[in-house]
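Student: Here you go, structure-v9.pdb (PDB, C-alpha atoms):
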```pdb
ATOM      1  CA  MET A   1     -75.231 -26.604 -18.801
ATOM      2  CA  SER A   2     -71.492 -25.931 -18.739
ATOM      3  CA  LEU A   3     -69.018 -27.714 -20.999
ATOM      4  CA  ARG A   4     -65.280 -27.848 -20.483
ATOM      5  CA  GLN A   5     -62.772 -28.817 -23.120
ATOM      6  CA  SER A   6     -59.841 -30.869 -21.850
ATOM      7  CA  ILE A   7     -57.086 -32.725 -23.697
ATOM      8  CA  ASP A   8     -54.857 -33.248 -20.675
ATOM      9  CA  ARG A   9     -54.950 -37.025 -21.018
ATOM     10  CA  ALA A  10     -54.083 -37.158 -24.709
ATOM     11  CA  ARG A  11     -51.897 -34.361 -26.028
ATOM     12  CA  PRO A  12     -50.872 -35.186 -29.606
ATOM     13  CA  PRO A  13     -47.306 -34.724 -30.847
ATOM     14  CA  ARG A  14     -46.374 -31.129 -31.774
ATOM     15  CA  PHE A  15     -49.476 -29.800 -30.046
ATOM     16  CA  ASP A  16     -47.612 -27.206 -27.956
ATOM     17  CA  GLN A  17     -45.718 -25.888 -30.983
ATOM     18  CA  VAL A  18     -48.888 -25.608 -33.050
ATOM     19  CA  LEU A  19     -50.764 -23.947 -30.178
ATOM     20  CA  ALA A  20     -48.030 -21.319 -29.903
ATOM     21  CA  ARG A  21     -48.506 -20.497 -33.575
ATOM     22  CA  THR A  22     -52.111 -19.469 -32.923
ATOM     23  CA  ALA A  23     -50.925 -16.410 -30.995
ATOM     24  CA  GLU A  24     -50.379 -14.545 -34.272
ATOM     25  CA  ALA A  25     -53.915 -15.353 -35.447
ATOM     26  CA  LEU A  26     -55.393 -14.252 -32.117
ATOM     27  CA  ALA A  27     -53.525 -10.951 -32.360
ATOM     28  CA  TRP A  28     -54.915 -10.495 -35.877
ATOM     29  CA  LEU A  29     -58.450 -11.076 -34.588
ATOM     30  CA  ARG A  30     -57.965  -8.500 -31.835
ATOM     31  CA  ALA A  31     -56.799  -5.988 -34.429
ATOM     32  CA  ARG A  32     -59.802  -6.684 -36.668
ATOM     33  CA  HIS A  33     -62.138  -6.219 -33.712
ATOM     34  CA  THR A  34     -60.524  -2.857 -33.026
ATOM     35  CA  ASP A  35     -60.565  -1.539 -36.594
ATOM     36  CA  GLY A  36     -63.953  -3.070 -37.453
ATOM     37  CA  ALA A  37     -62.643  -4.719 -40.617
ATOM     38  CA  LEU A  38     -64.259  -8.044 -39.640
ATOM     39  CA  PRO A  39     -67.881  -7.105 -38.797
ATOM     40  CA  LEU A  40     -68.780 -10.554 -37.469
ATOM     41  CA  LEU A  41     -66.568  -9.896 -34.426
ATOM     42  CA  ARG A  42     -68.865  -7.028 -33.433
ATOM     43  CA  LEU A  43     -72.038  -9.116 -33.565
ATOM     44  CA  PRO A  44     -71.789 -10.515 -29.991
ATOM     45  CA  GLU A  45     -72.146  -7.011 -28.537
ATOM     46  CA  ARG A  46     -74.960  -5.909 -30.839
ATOM     47  CA  ARG A  47     -78.479  -5.500 -29.432
ATOM     48  CA  ASP A  48     -80.188  -2.936 -31.680
ATOM     49  CA  ASP A  49     -81.684  -5.568 -33.992
ATOM     50  CA  ILE A  50     -83.031  -7.956 -31.346
ATOM     51  CA  ALA A  51     -86.517  -6.413 -31.203
ATOM     52  CA  THR A  52     -86.905  -6.613 -34.999
ATOM     53  CA  ILE A  53     -85.884 -10.278 -35.081
ATOM     54  CA  LEU A  54     -88.273 -11.107 -32.232
ATOM     55  CA  GLY A  55     -91.080  -9.254 -34.021
ATOM     56  CA  TYR A  56     -90.685 -11.324 -37.181
ATOM     57  CA  ALA A  57     -90.396 -14.492 -35.107
ATOM     58  CA  ALA A  58     -93.719 -13.674 -33.447
ATOM     59  CA  LEU A  59     -95.340 -13.225 -36.870
ATOM     60  CA  LEU A  60     -93.946 -16.561 -38.035
ATOM     61  CA  ARG A  61     -95.234 -18.366 -34.934
ATOM     62  CA  ASP A  62     -98.719 -16.811 -34.893
ATOM     63  CA  GLY A  63    -101.229 -19.575 -35.641
ATOM     64  CA  THR A  64     -98.518 -21.547 -37.406
ATOM     65  CA  SER A  65     -98.106 -25.316 -37.498
ATOM     66  CA  ASP A  66     -94.888 -25.464 -39.575
ATOM     67  CA  VAL A  67     -92.038 -23.110 -40.453
ATOM     68  CA  VAL A  68     -89.848 -24.112 -43.398
ATOM     69  CA  PHE A  69     -86.423 -22.503 -43.814
ATOM     70  CA  LEU A  70     -85.122 -22.541 -47.390
ATOM     71  CA  GLY A  71     -81.426 -21.943 -47.984
ATOM     72  CA  THR A  72     -78.181 -23.792 -48.577
ATOM     73  CA  GLY A  73     -74.854 -23.933 -46.728
ATOM     74  CA  GLY A  74     -74.281 -21.019 -44.395
ATOM     75  CA  SER A  75     -77.787 -19.720 -45.039
ATOM     76  CA  SER A  76     -79.107 -22.800 -43.232
ATOM     77  CA  LEU A  77     -76.485 -24.483 -41.060
ATOM     78  CA  GLY A  78     -76.232 -21.863 -38.311
ATOM     79  CA  GLY A  79     -79.978 -21.797 -37.785
ATOM     80  CA  GLN A  80     -80.087 -25.591 -37.864
ATOM     81  CA  THR A  81     -77.440 -25.779 -35.150
ATOM     82  CA  LEU A  82     -79.302 -23.476 -32.773
ATOM     83  CA  ALA A  83     -82.644 -25.158 -33.471
ATOM     84  CA  GLN A  84     -81.223 -28.621 -32.868
ATOM     85  CA  LEU A  85     -79.579 -27.547 -29.632
ATOM     86  CA  ALA A  86     -83.076 -26.541 -28.521
ATOM     87  CA  GLY A  87     -84.421 -29.957 -29.518
ATOM     88  CA  TYR A  88     -86.116 -28.831 -32.735
ATOM     89  CA  ALA A  89     -85.502 -30.371 -36.193
ATOM     90  CA  VAL A  90     -83.913 -33.434 -34.557
ATOM     91  CA  PRO A  91     -85.103 -36.785 -35.973
ATOM     92  CA  GLY A  92     -87.447 -38.472 -33.508
ATOM     93  CA  VAL A  93     -87.204 -35.579 -31.046
ATOM     94  CA  GLY A  94     -88.310 -32.521 -32.987
ATOM     95  CA  MET A  95     -91.779 -33.964 -33.581
ATOM     96  CA  LEU A  96     -92.289 -34.096 -29.813
ATOM     97  CA  ARG A  97     -91.860 -30.349 -29.402
ATOM     98  CA  ASP A  98     -94.727 -27.898 -29.258
ATOM     99  CA  PRO A  99     -95.671 -26.252 -32.568
ATOM    100  CA  PRO A 100     -94.504 -24.854 -34.768
ATOM    101  CA  ARG A 101     -92.612 -27.746 -36.325
ATOM    102  CA  ILE A 102     -89.319 -26.572 -37.818
ATOM    103  CA  HIS A 103     -87.956 -27.791 -41.172
ATOM    104  CA  PHE A 104     -84.650 -26.920 -42.844
ATOM    105  CA  MET A 105     -84.497 -27.745 -46.547
ATOM    106  CA  ASP A 106     -80.838 -27.200 -47.434
ATOM    107  CA  ASN A 107     -80.771 -29.991 -50.018
ATOM    108  CA  LEU A 108     -82.381 -29.821 -53.438
ATOM    109  CA  ASP A 109     -83.468 -33.477 -53.303
ATOM    110  CA  PRO A 110     -86.770 -33.364 -55.212
ATOM    111  CA  ASP A 111     -88.186 -36.448 -53.489
ATOM    112  CA  SER A 112     -87.790 -35.236 -49.911
ATOM    113  CA  TYR A 113     -88.752 -31.657 -50.746
ATOM    114  CA  GLY A 114     -91.739 -32.739 -52.823
ATOM    115  CA  ALA A 115     -92.881 -35.049 -50.026
ATOM    116  CA  LEU A 116     -92.655 -32.204 -47.515
ATOM    117  CA  LEU A 117     -94.670 -29.809 -49.695
ATOM    118  CA  ALA A 118     -97.265 -32.516 -50.292
ATOM    119  CA  ARG A 119     -97.863 -33.221 -46.601
ATOM    120  CA  LEU A 120     -97.572 -29.703 -45.190
ATOM    121  CA  PRO A 121    -100.773 -28.048 -44.037
ATOM    122  CA  LEU A 122    -100.025 -25.068 -46.261
ATOM    123  CA  ARG A 123    -102.672 -22.804 -44.763
ATOM    124  CA  THR A 124    -100.851 -22.855 -41.421
ATOM    125  CA  SER A 125     -97.304 -23.072 -42.806
ATOM    126  CA  ARG A 126     -94.753 -20.302 -43.303
ATOM    127  CA  PHE A 127     -91.623 -20.205 -45.484
ATOM    128  CA  VAL A 128     -88.427 -18.253 -44.764
ATOM    129  CA  VAL A 129     -86.091 -17.918 -47.755
ATOM    130  CA  VAL A 130     -82.430 -17.036 -47.152
ATOM    131  CA  SER A 131     -79.788 -16.105 -49.730
ATOM    132  CA  LYS A 132     -77.201 -13.393 -49.113
ATOM    133  CA  SER A 133     -76.611 -12.671 -52.787
ATOM    134  CA  GLY A 134     -80.150 -13.479 -53.845
ATOM    135  CA  GLY A 135     -78.723 -15.488 -56.711
ATOM    136  CA  THR A 136     -78.334 -18.956 -55.176
ATOM    137  CA  GLY A 137     -79.844 -21.236 -57.818
ATOM    138  CA  GLU A 138     -80.886 -24.006 -55.450
ATOM    139  CA  THR A 139     -82.676 -21.587 -53.137
ATOM    140  CA  LEU A 140     -84.456 -19.867 -56.016
ATOM    141  CA  MET A 141     -85.692 -23.252 -57.263
ATOM    142  CA  GLN A 142     -86.917 -24.172 -53.783
ATOM    143  CA  THR A 143     -88.713 -20.847 -53.535
ATOM    144  CA  ILE A 144     -90.407 -21.184 -56.923
ATOM    145  CA  ALA A 145     -91.675 -24.658 -55.978
ATOM    146  CA  ALA A 146     -93.026 -23.396 -52.642
ATOM    147  CA  LEU A 147     -94.660 -20.382 -54.282
ATOM    148  CA  ASP A 148     -96.337 -22.657 -56.815
ATOM    149  CA  ALA A 149     -97.634 -24.906 -54.024
ATOM    150  CA  VAL A 150     -99.023 -21.974 -52.053
ATOM    151  CA  LYS A 151    -100.663 -20.360 -55.091
ATOM    152  CA  THR A 152    -102.130 -23.693 -56.216
ATOM    153  CA  ALA A 153    -103.730 -23.917 -52.760
ATOM    154  CA  LYS A 154    -105.199 -20.439 -53.472
ATOM    155  CA  LEU A 155    -103.288 -18.862 -50.599
ATOM    156  CA  ASP A 156    -101.626 -15.436 -50.563
ATOM    157  CA  PRO A 157     -97.796 -15.706 -50.756
ATOM    158  CA  HIS A 158     -97.506 -12.323 -49.004
ATOM    159  CA  THR A 159     -98.712 -13.835 -45.730
ATOM    160  CA  HIS A 160     -96.851 -17.120 -46.077
ATOM    161  CA  PHE A 161     -93.309 -16.019 -46.996
ATOM    162  CA  LEU A 162     -90.469 -13.966 -45.580
ATOM    163  CA  GLY A 163     -87.123 -13.348 -47.275
ATOM    164  CA  ILE A 164     -83.632 -12.523 -46.002
ATOM    165  CA  THR A 165     -81.223 -11.114 -48.577
ATOM    166  CA  GLU A 166     -78.760  -8.267 -49.113
ATOM    167  CA  PRO A 167     -79.996  -4.688 -49.488
ATOM    168  CA  ILE A 168     -80.240  -3.328 -53.006
ATOM    169  CA  LYS A 169     -76.822  -2.713 -54.570
ATOM    170  CA  SER A 170     -76.358  -0.390 -57.505
ATOM    171  CA  GLY A 171     -75.576  -2.312 -60.673
ATOM    172  CA  LYS A 172     -76.066  -5.731 -59.054
ATOM    173  CA  SER A 173     -79.044  -7.987 -59.681
ATOM    174  CA  ASN A 174     -80.776  -9.928 -56.923
ATOM    175  CA  GLY A 175     -83.007 -12.688 -58.203
ATOM    176  CA  LEU A 176     -84.562 -13.479 -54.829
ATOM    177  CA  ARG A 177     -85.475  -9.848 -54.174
ATOM    178  CA  ASP A 178     -87.039  -9.610 -57.645
ATOM    179  CA  LEU A 179     -88.945 -12.887 -57.231
ATOM    180  CA  LEU A 180     -90.369 -12.109 -53.804
ATOM    181  CA  GLY A 181     -91.022  -8.503 -54.753
ATOM    182  CA  GLN A 182     -93.503  -9.659 -57.382
ATOM    183  CA  HIS A 183     -95.689 -10.877 -54.526
ATOM    184  CA  GLN A 184     -95.043  -7.961 -52.095
ATOM    185  CA  ILE A 185     -93.334 -10.393 -49.714
ATOM    186  CA  ARG A 186     -91.555  -8.828 -46.749
ATOM    187  CA  LEU A 187     -87.764  -8.834 -46.720
ATOM    188  CA  MET A 188     -85.217  -8.618 -43.917
ATOM    189  CA  ALA A 189     -81.763  -7.273 -44.750
ATOM    190  CA  HIS A 190     -78.893  -9.770 -44.712
ATOM    191  CA  ASP A 191     -75.816  -8.069 -43.241
ATOM    192  CA  PRO A 192     -73.706  -7.335 -46.354
ATOM    193  CA  GLY A 193     -70.490  -7.445 -44.340
ATOM    194  CA  VAL A 194     -71.013 -10.956 -42.947
ATOM    195  CA  GLY A 195     -70.659 -13.981 -45.195
ATOM    196  CA  GLY A 196     -73.259 -16.731 -45.058
ATOM    197  CA  ARG A 197     -71.000 -19.239 -43.314
ATOM    198  CA  PHE A 198     -70.427 -16.741 -40.491
ATOM    199  CA  SER A 199     -74.038 -15.540 -40.231
ATOM    200  CA  VAL A 200     -75.273 -17.579 -37.253
ATOM    201  CA  LEU A 201     -75.226 -14.476 -35.013
ATOM    202  CA  THR A 202     -77.154 -12.370 -37.567
ATOM    203  CA  ASN A 203     -80.871 -12.597 -38.325
ATOM    204  CA  VAL A 204     -80.033 -15.614 -40.524
ATOM    205  CA  GLY A 205     -79.282 -17.771 -37.479
ATOM    206  CA  LEU A 206     -81.120 -15.887 -34.759
ATOM    207  CA  LEU A 207     -84.509 -15.800 -36.497
ATOM    208  CA  PRO A 208     -84.827 -19.627 -36.438
ATOM    209  CA  ALA A 209     -83.589 -19.564 -32.845
ATOM    210  CA  ALA A 210     -86.242 -17.018 -31.903
ATOM    211  CA  VAL A 211     -88.959 -19.045 -33.649
ATOM    212  CA  CYS A 212     -87.844 -21.947 -31.430
ATOM    213  CA  GLY A 213     -88.277 -19.734 -28.374
ATOM    214  CA  LEU A 214     -84.588 -19.356 -27.550
ATOM    215  CA  ASP A 215     -83.224 -16.262 -25.811
ATOM    216  CA  ILE A 216     -81.290 -14.784 -28.732
ATOM    217  CA  GLY A 217     -79.767 -12.088 -26.563
ATOM    218  CA  ALA A 218     -78.268 -14.848 -24.430
ATOM    219  CA  VAL A 219     -76.934 -16.541 -27.569
ATOM    220  CA  ARG A 220     -74.983 -13.402 -28.385
ATOM    221  CA  THR A 221     -73.873 -13.064 -24.779
ATOM    222  CA  GLY A 222     -72.478 -16.587 -25.006
ATOM    223  CA  ALA A 223     -70.610 -15.622 -28.151
ATOM    224  CA  ALA A 224     -69.198 -12.591 -26.314
ATOM    225  CA  ASP A 225     -68.026 -14.889 -23.516
ATOM    226  CA  ALA A 226     -66.225 -17.042 -26.081
ATOM    227  CA  LEU A 227     -64.591 -13.995 -27.660
ATOM    228  CA  ALA A 228     -63.620 -12.363 -24.348
ATOM    229  CA  PRO A 229     -60.321 -14.223 -23.758
ATOM    230  CA  VAL A 230     -59.217 -13.321 -27.281
ATOM    231  CA  LEU A 231     -59.908  -9.619 -26.756
ATOM    232  CA  ALA A 232     -58.286  -9.743 -23.314
ATOM    233  CA  GLY A 233     -55.040 -10.984 -24.852
ATOM    234  CA  LYS A 234     -55.086 -14.267 -22.964
ATOM    235  CA  SER A 235     -52.506 -16.886 -23.865
ATOM    236  CA  PRO A 236     -53.572 -19.395 -26.535
ATOM    237  CA  ALA A 237     -53.848 -22.097 -23.871
ATOM    238  CA  GLU A 238     -56.630 -20.032 -22.239
ATOM    239  CA  VAL A 239     -58.606 -19.636 -25.484
ATOM    240  CA  PRO A 240     -60.719 -22.768 -26.157
ATOM    241  CA  ALA A 241     -61.020 -21.961 -29.865
ATOM    242  CA  ALA A 242     -57.231 -21.815 -30.192
ATOM    243  CA  VAL A 243     -56.854 -25.086 -28.282
ATOM    244  CA  GLY A 244     -59.400 -26.749 -30.571
ATOM    245  CA  ALA A 245     -57.697 -25.438 -33.703
ATOM    246  CA  ALA A 246     -54.273 -26.555 -32.499
ATOM    247  CA  LEU A 247     -55.660 -29.973 -31.635
ATOM    248  CA  ALA A 248     -57.137 -30.420 -35.116
ATOM    249  CA  ILE A 249     -53.969 -29.285 -36.888
ATOM    250  CA  SER A 250     -51.546 -31.295 -34.756
ATOM    251  CA  LEU A 251     -53.660 -34.435 -35.157
ATOM    252  CA  ALA A 252     -53.940 -33.903 -38.911
ATOM    253  CA  SER A 253     -50.164 -33.928 -39.203
ATOM    254  CA  HIS A 254     -49.948 -37.612 -38.276
ATOM    255  CA  LYS A 255     -53.492 -39.019 -38.424
ATOM    256  CA  THR A 256     -55.447 -39.762 -41.583
ATOM    257  CA  ILE A 257     -58.872 -40.179 -39.979
ATOM    258  CA  SER A 258     -60.732 -37.820 -37.656
ATOM    259  CA  VAL A 259     -63.815 -39.062 -35.825
ATOM    260  CA  MET A 260     -66.046 -37.026 -33.536
ATOM    261  CA  MET A 261     -68.518 -38.986 -31.405
ATOM    262  CA  THR A 262     -70.968 -36.652 -29.667
ATOM    263  CA  TYR A 263     -73.451 -39.291 -28.428
ATOM    264  CA  ALA A 264     -76.173 -36.648 -28.739
ATOM    265  CA  ASP A 265     -78.401 -36.082 -31.775
ATOM    266  CA  ARG A 266     -78.802 -32.434 -30.756
ATOM    267  CA  LEU A 267     -75.106 -31.928 -31.548
ATOM    268  CA  GLU A 268     -75.399 -33.393 -35.050
TER     269      GLU A 268
END
```
Using C-alpha cells, write down the structure from this file.
Tutor:
Amino acid sequence: MSLRQSIDRARPPRFDQVLARTAEALAWLRARHTDGALPLLRLPERRDDIATILGYAALLRDGTSDVVFLGTGGSSLGGQTLAQLAGYAVPGVGMLRDPPRIHFMDNLDPDSYGALLARLPLRTSRFVVVSKSGGTGETLMQTIAALDAVKTAKLDPHTHFLGITEPIKSGKSNGLRDLLGQHQIRLMAHDPGVGGRFSVLTNVGLLPAAVCGLDIGAVRTGAADALAPVLAGKSPAEVPAAVGAALAISLASHKTISVMMTYADRLE
C-alpha cells in the first residue's frame, strides 16, 4: 500500500513561509546524522540486532495464547502503532487474528488491568516489561501485580516474563532490573542513547512488531526511505515530514481546533 500526502487543494495562509523555515531544521538533522549525535537517525540502517529481536519474538510466540506488553508512553506507543497497523490490538479486529493475542497495558487503571489478569490463561501467557530508566512507577506496579498473579498460579516467572531496560550504569539504580533479577528473568538492553518516545525502531517497538509477524527489517527500510530525502538535501517541499510539520504550524497560527479523521481503526 502506498500513501501520498497532498495539500494542493487547501494550502493554509503562511504555509510557504513556514515550510521555508524547516530548511534549517533539516540541515540540523543532516548534521546530526553525520556526527552521530542523534543515535535514532542511525537506526534505519541498522541490521545487527534483527536476529536477536526475532529470537526473542520466537520465544514469546512459542505455545503462547497471549502476550502482554507493560509500559507507559513511549515504552508502549510505538509498539502499539506497529501492532495496530498489522491488525493486532485493534478493538473488534484484533480478536480475529491468529494467536497470540496482543495486549498493551499503558494505563494504570486497576479495573481494566485487574480484569485482564483475571481472564488471562496465565499458563500460556507471556509478559514483556519496558522501562528505559527502570524506575517508572506505573510500570513497576504493573509488573508487581503480574508477578503476583503468576506466582499465585504456581508458575515460574522466569519463563513468563521478559524485560527491556537500560544496561547497568555506575551509581544509578534501576528498580526494574532489580525486581526482575530476583526471579532470573531475561533482560534485553534498551538503547541508552534513544529516548522512549523515539524508540519505535529499537527493540522496544520492533519486538511487538516481530511477535505480530511483521518484517521488522522492512520497517526499518521504510524508515530509511522516509529519511532519504532529508539526507539527500532535498528541498523542504520534497520532504513529507517537513510538509506535515509546516502544515500543522501554519494551521495552528489561525485555527483553534485540529481534527484528524483517519476512517480506519488501524490508524488509531
Student: Given the choices A:Met261, A:Val243, A:Leu179, A:Ala118, which gets closest to A:Thr165 if the distance is worked out from all atoms listed in the file?
Tutor: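 Of the candidates, the smallest distance to A:Thr165 is held by A:Leu179.
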Student: With 5 Å of padding per side, what axis-aligned box (centre and edge lengths, Å, one decimal) covers all the listed atoms of stretch 65-83 of chain A? Give it as lines of an AutoDock Vina configuration file.
Tutor:
```
center_x = -86.2
center_y = -22.7
center_z = -40.7
size_x = 33.8
size_y = 16.1
size_z = 25.8
```
Student: Enumerate, as a list in words, the residues matched when the PyMOL selection byres ((chain A and resi 202) around 10) is run on the file above.
Tutor: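 Output from the PyMOL selection byres ((chain A and resi 202) around 10), applied to this file: Leu40, Leu43, Pro44, Arg46, Asp49, Ile50, Ile53, Gly78, Gly79, Ala189, His190, Asp191, Val194, Gly196, Phe198, Ser199, Val200, Leu201, Asn203, Val204, Gly205, Leu206, Leu207 and Arg220 of chain A.
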Student: Expressed in Å to a single decimal, how great is the separation between atom CA of A:Thr72 and atom CA of A:Val130?
Tutor: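 Going from atom CA of A:Thr72 over to atom CA of A:Val130, I get 8.1 Å.
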Student: Need the shell around A:Val211: protein/DNA/RNA residues with any atom at most 10 Å away, counting only C-alpha atoms. Skip same-chain ones fewer than 5 positions apart. Format as a PyMOL selection string?
Tutor: chain A and resi 53-54+56-61+67+83+99-102+206
Student: Residues near A:Gly244, anyone? I mean within 12 Å using all atoms listed in the file, not counting same-chain ones fewer than 3 positions away, as a PDB file with C-alpha atoms, keeping the file's coordinate frame.
Tutor:
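Output contents, as saved in around_13.pdb:
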```pdb
ATOM      1  CA  ARG A   4     -65.280 -27.848 -20.483  1.00  0.00           C
ATOM      2  CA  GLN A   5     -62.772 -28.817 -23.120  1.00  0.00           C
ATOM      3  CA  SER A   6     -59.841 -30.869 -21.850  1.00  0.00           C
ATOM      4  CA  ILE A   7     -57.086 -32.725 -23.697  1.00  0.00           C
ATOM      5  CA  ARG A  11     -51.897 -34.361 -26.028  1.00  0.00           C
ATOM      6  CA  PHE A  15     -49.476 -29.800 -30.046  1.00  0.00           C
ATOM      7  CA  VAL A  18     -48.888 -25.608 -33.050  1.00  0.00           C
ATOM      8  CA  LEU A  19     -50.764 -23.947 -30.178  1.00  0.00           C
ATOM      9  CA  THR A  22     -52.111 -19.469 -32.923  1.00  0.00           C
ATOM     10  CA  PRO A 236     -53.572 -19.395 -26.535  1.00  0.00           C
ATOM     11  CA  ALA A 237     -53.848 -22.097 -23.871  1.00  0.00           C
ATOM     12  CA  GLU A 238     -56.630 -20.032 -22.239  1.00  0.00           C
ATOM     13  CA  VAL A 239     -58.606 -19.636 -25.484  1.00  0.00           C
ATOM     14  CA  PRO A 240     -60.719 -22.768 -26.157  1.00  0.00           C
ATOM     15  CA  ALA A 241     -61.020 -21.961 -29.865  1.00  0.00           C
ATOM     16  CA  LEU A 247     -55.660 -29.973 -31.635  1.00  0.00           C
ATOM     17  CA  ALA A 248     -57.137 -30.420 -35.116  1.00  0.00           C
ATOM     18  CA  ILE A 249     -53.969 -29.285 -36.888  1.00  0.00           C
ATOM     19  CA  SER A 250     -51.546 -31.295 -34.756  1.00  0.00           C
ATOM     20  CA  LEU A 251     -53.660 -34.435 -35.157  1.00  0.00           C
TER      21      LEU A 251
END
```
Student: Please indicate the distance in Å from atom CA of A:Ala252 to atom CA of A:Ser235, rounded to one decimal place.
Tutor: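 Between these atoms lies a distance of 22.8 Å.
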Student: Let me know the residues the PyMOL selection byres ((chain A and resi 106) around 6) catches in the file above, as a ChimeraX atom specification.
Tutor: /A:71-72,104-105,107
Student: Give me, as a Markdown table, each residue of stretch 128-168 of chain A that comes within 10 Å of stretch 120-124 of chain A, together with its shortest interatomic pair and the distance in Å at one decimal, counting only C-alpha atoms, with rows ordered by chain and rising residue number.
Tutor:
```
| residue | atom | partner | partner_atom | distance |
| --- | --- | --- | --- | --- |
| A:Ala146 | CA | A:Leu122 | CA | 9.6 |
| A:Ala149 | CA | A:Leu122 | CA | 8.1 |
| A:Val150 | CA | A:Leu122 | CA | 6.6 |
| A:Ala153 | CA | A:Leu122 | CA | 7.6 |
| A:Lys154 | CA | A:Arg123 | CA | 9.4 |
| A:Leu155 | CA | A:Arg123 | CA | 7.1 |
| A:Asp156 | CA | A:Arg123 | CA | 9.4 |
| A:Thr159 | CA | A:Arg123 | CA | 9.9 |
| A:His160 | CA | A:Arg123 | CA | 8.2 |
```
Student: Compute the distance from (-70.9, -14.5, -28.4) to each atom, counting all atoms listed in the file, keep the residues with any atom at most 10 Å away, and return them as a ChimeraX atom specification; use the coordinates of the file.
Tutor: /A:41-46,201,217-228
Student: With C-alpha atoms retained, write the just-selected residues as an mmCIF file, keeping the file's coordinate frame.
Tutor:
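Written output follows (part06.cif):
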```cif
data_model
loop_
_atom_site.group_PDB
_atom_site.id
_atom_site.type_symbol
_atom_site.label_atom_id
_atom_site.label_comp_id
_atom_site.auth_asym_id
_atom_site.auth_seq_id
_atom_site.Cartn_x
_atom_site.Cartn_y
_atom_site.Cartn_z
ATOM 1 C CA LEU A 41 -66.568 -9.896 -34.426
ATOM 2 C CA ARG A 42 -68.865 -7.028 -33.433
ATOM 3 C CA LEU A 43 -72.038 -9.116 -33.565
ATOM 4 C CA PRO A 44 -71.789 -10.515 -29.991
ATOM 5 C CA GLU A 45 -72.146 -7.011 -28.537
ATOM 6 C CA ARG A 46 -74.960 -5.909 -30.839
ATOM 7 C CA LEU A 201 -75.226 -14.476 -35.013
ATOM 8 C CA GLY A 217 -79.767 -12.088 -26.563
ATOM 9 C CA ALA A 218 -78.268 -14.848 -24.430
ATOM 10 C CA VAL A 219 -76.934 -16.541 -27.569
ATOM 11 C CA ARG A 220 -74.983 -13.402 -28.385
ATOM 12 C CA THR A 221 -73.873 -13.064 -24.779
ATOM 13 C CA GLY A 222 -72.478 -16.587 -25.006
ATOM 14 C CA ALA A 223 -70.610 -15.622 -28.151
ATOM 15 C CA ALA A 224 -69.198 -12.591 -26.314
ATOM 16 C CA ASP A 225 -68.026 -14.889 -23.516
ATOM 17 C CA ALA A 226 -66.225 -17.042 -26.081
ATOM 18 C CA LEU A 227 -64.591 -13.995 -27.660
ATOM 19 C CA ALA A 228 -63.620 -12.363 -24.348
#
```
Student: Take stretch 228-242 of chain A, model N, CA and C atoms, and hand the result over as a short mmCIF file (atom, residue, chain, number, x, y, z; two decimals), in the frame of the given file.
Tutor:
```
data_model
loop_
_atom_site.label_atom_id
_atom_site.label_comp_id
_atom_site.auth_asym_id
_atom_site.auth_seq_id
_atom_site.Cartn_x
_atom_site.Cartn_y
_atom_site.Cartn_z
N ALA A 228 -64.26 -13.18 -25.39
CA ALA A 228 -63.62 -12.36 -24.35
C ALA A 228 -62.14 -12.69 -24.12
N PRO A 229 -61.75 -13.96 -23.99
CA PRO A 229 -60.32 -14.22 -23.76
C PRO A 229 -59.44 -13.81 -24.92
N VAL A 230 -59.99 -13.80 -26.13
CA VAL A 230 -59.22 -13.32 -27.28
C VAL A 230 -58.97 -11.83 -27.15
N LEU A 231 -60.03 -11.07 -26.87
CA LEU A 231 -59.91 -9.62 -26.76
C LEU A 231 -59.07 -9.21 -25.55
N ALA A 232 -59.07 -10.06 -24.52
CA ALA A 232 -58.29 -9.74 -23.31
C ALA A 232 -56.81 -10.08 -23.49
N GLY A 233 -56.44 -10.65 -24.61
CA GLY A 233 -55.04 -10.98 -24.85
C GLY A 233 -54.56 -12.18 -24.05
N LYS A 234 -55.48 -13.07 -23.71
CA LYS A 234 -55.09 -14.27 -22.96
C LYS A 234 -54.15 -15.13 -23.81
N SER A 235 -53.40 -15.98 -23.15
CA SER A 235 -52.51 -16.89 -23.86
C SER A 235 -53.34 -17.89 -24.65
N PRO A 236 -52.80 -18.42 -25.74
CA PRO A 236 -53.57 -19.40 -26.54
C PRO A 236 -54.11 -20.55 -25.71
N ALA A 237 -53.40 -20.98 -24.70
CA ALA A 237 -53.85 -22.10 -23.87
C ALA A 237 -55.12 -21.76 -23.10
N GLU A 238 -55.43 -20.47 -22.95
CA GLU A 238 -56.63 -20.03 -22.24
C GLU A 238 -57.77 -19.67 -23.19
N VAL A 239 -57.58 -19.93 -24.48
CA VAL A 239 -58.61 -19.64 -25.48
C VAL A 239 -59.08 -20.96 -26.07
N PRO A 240 -60.26 -21.46 -25.68
CA PRO A 240 -60.72 -22.77 -26.16
C PRO A 240 -60.69 -22.92 -27.67
N ALA A 241 -61.03 -21.87 -28.40
CA ALA A 241 -61.02 -21.96 -29.86
C ALA A 241 -59.60 -22.22 -30.39
N ALA A 242 -58.62 -21.60 -29.77
CA ALA A 242 -57.23 -21.82 -30.19
C ALA A 242 -56.79 -23.23 -29.85
#
```
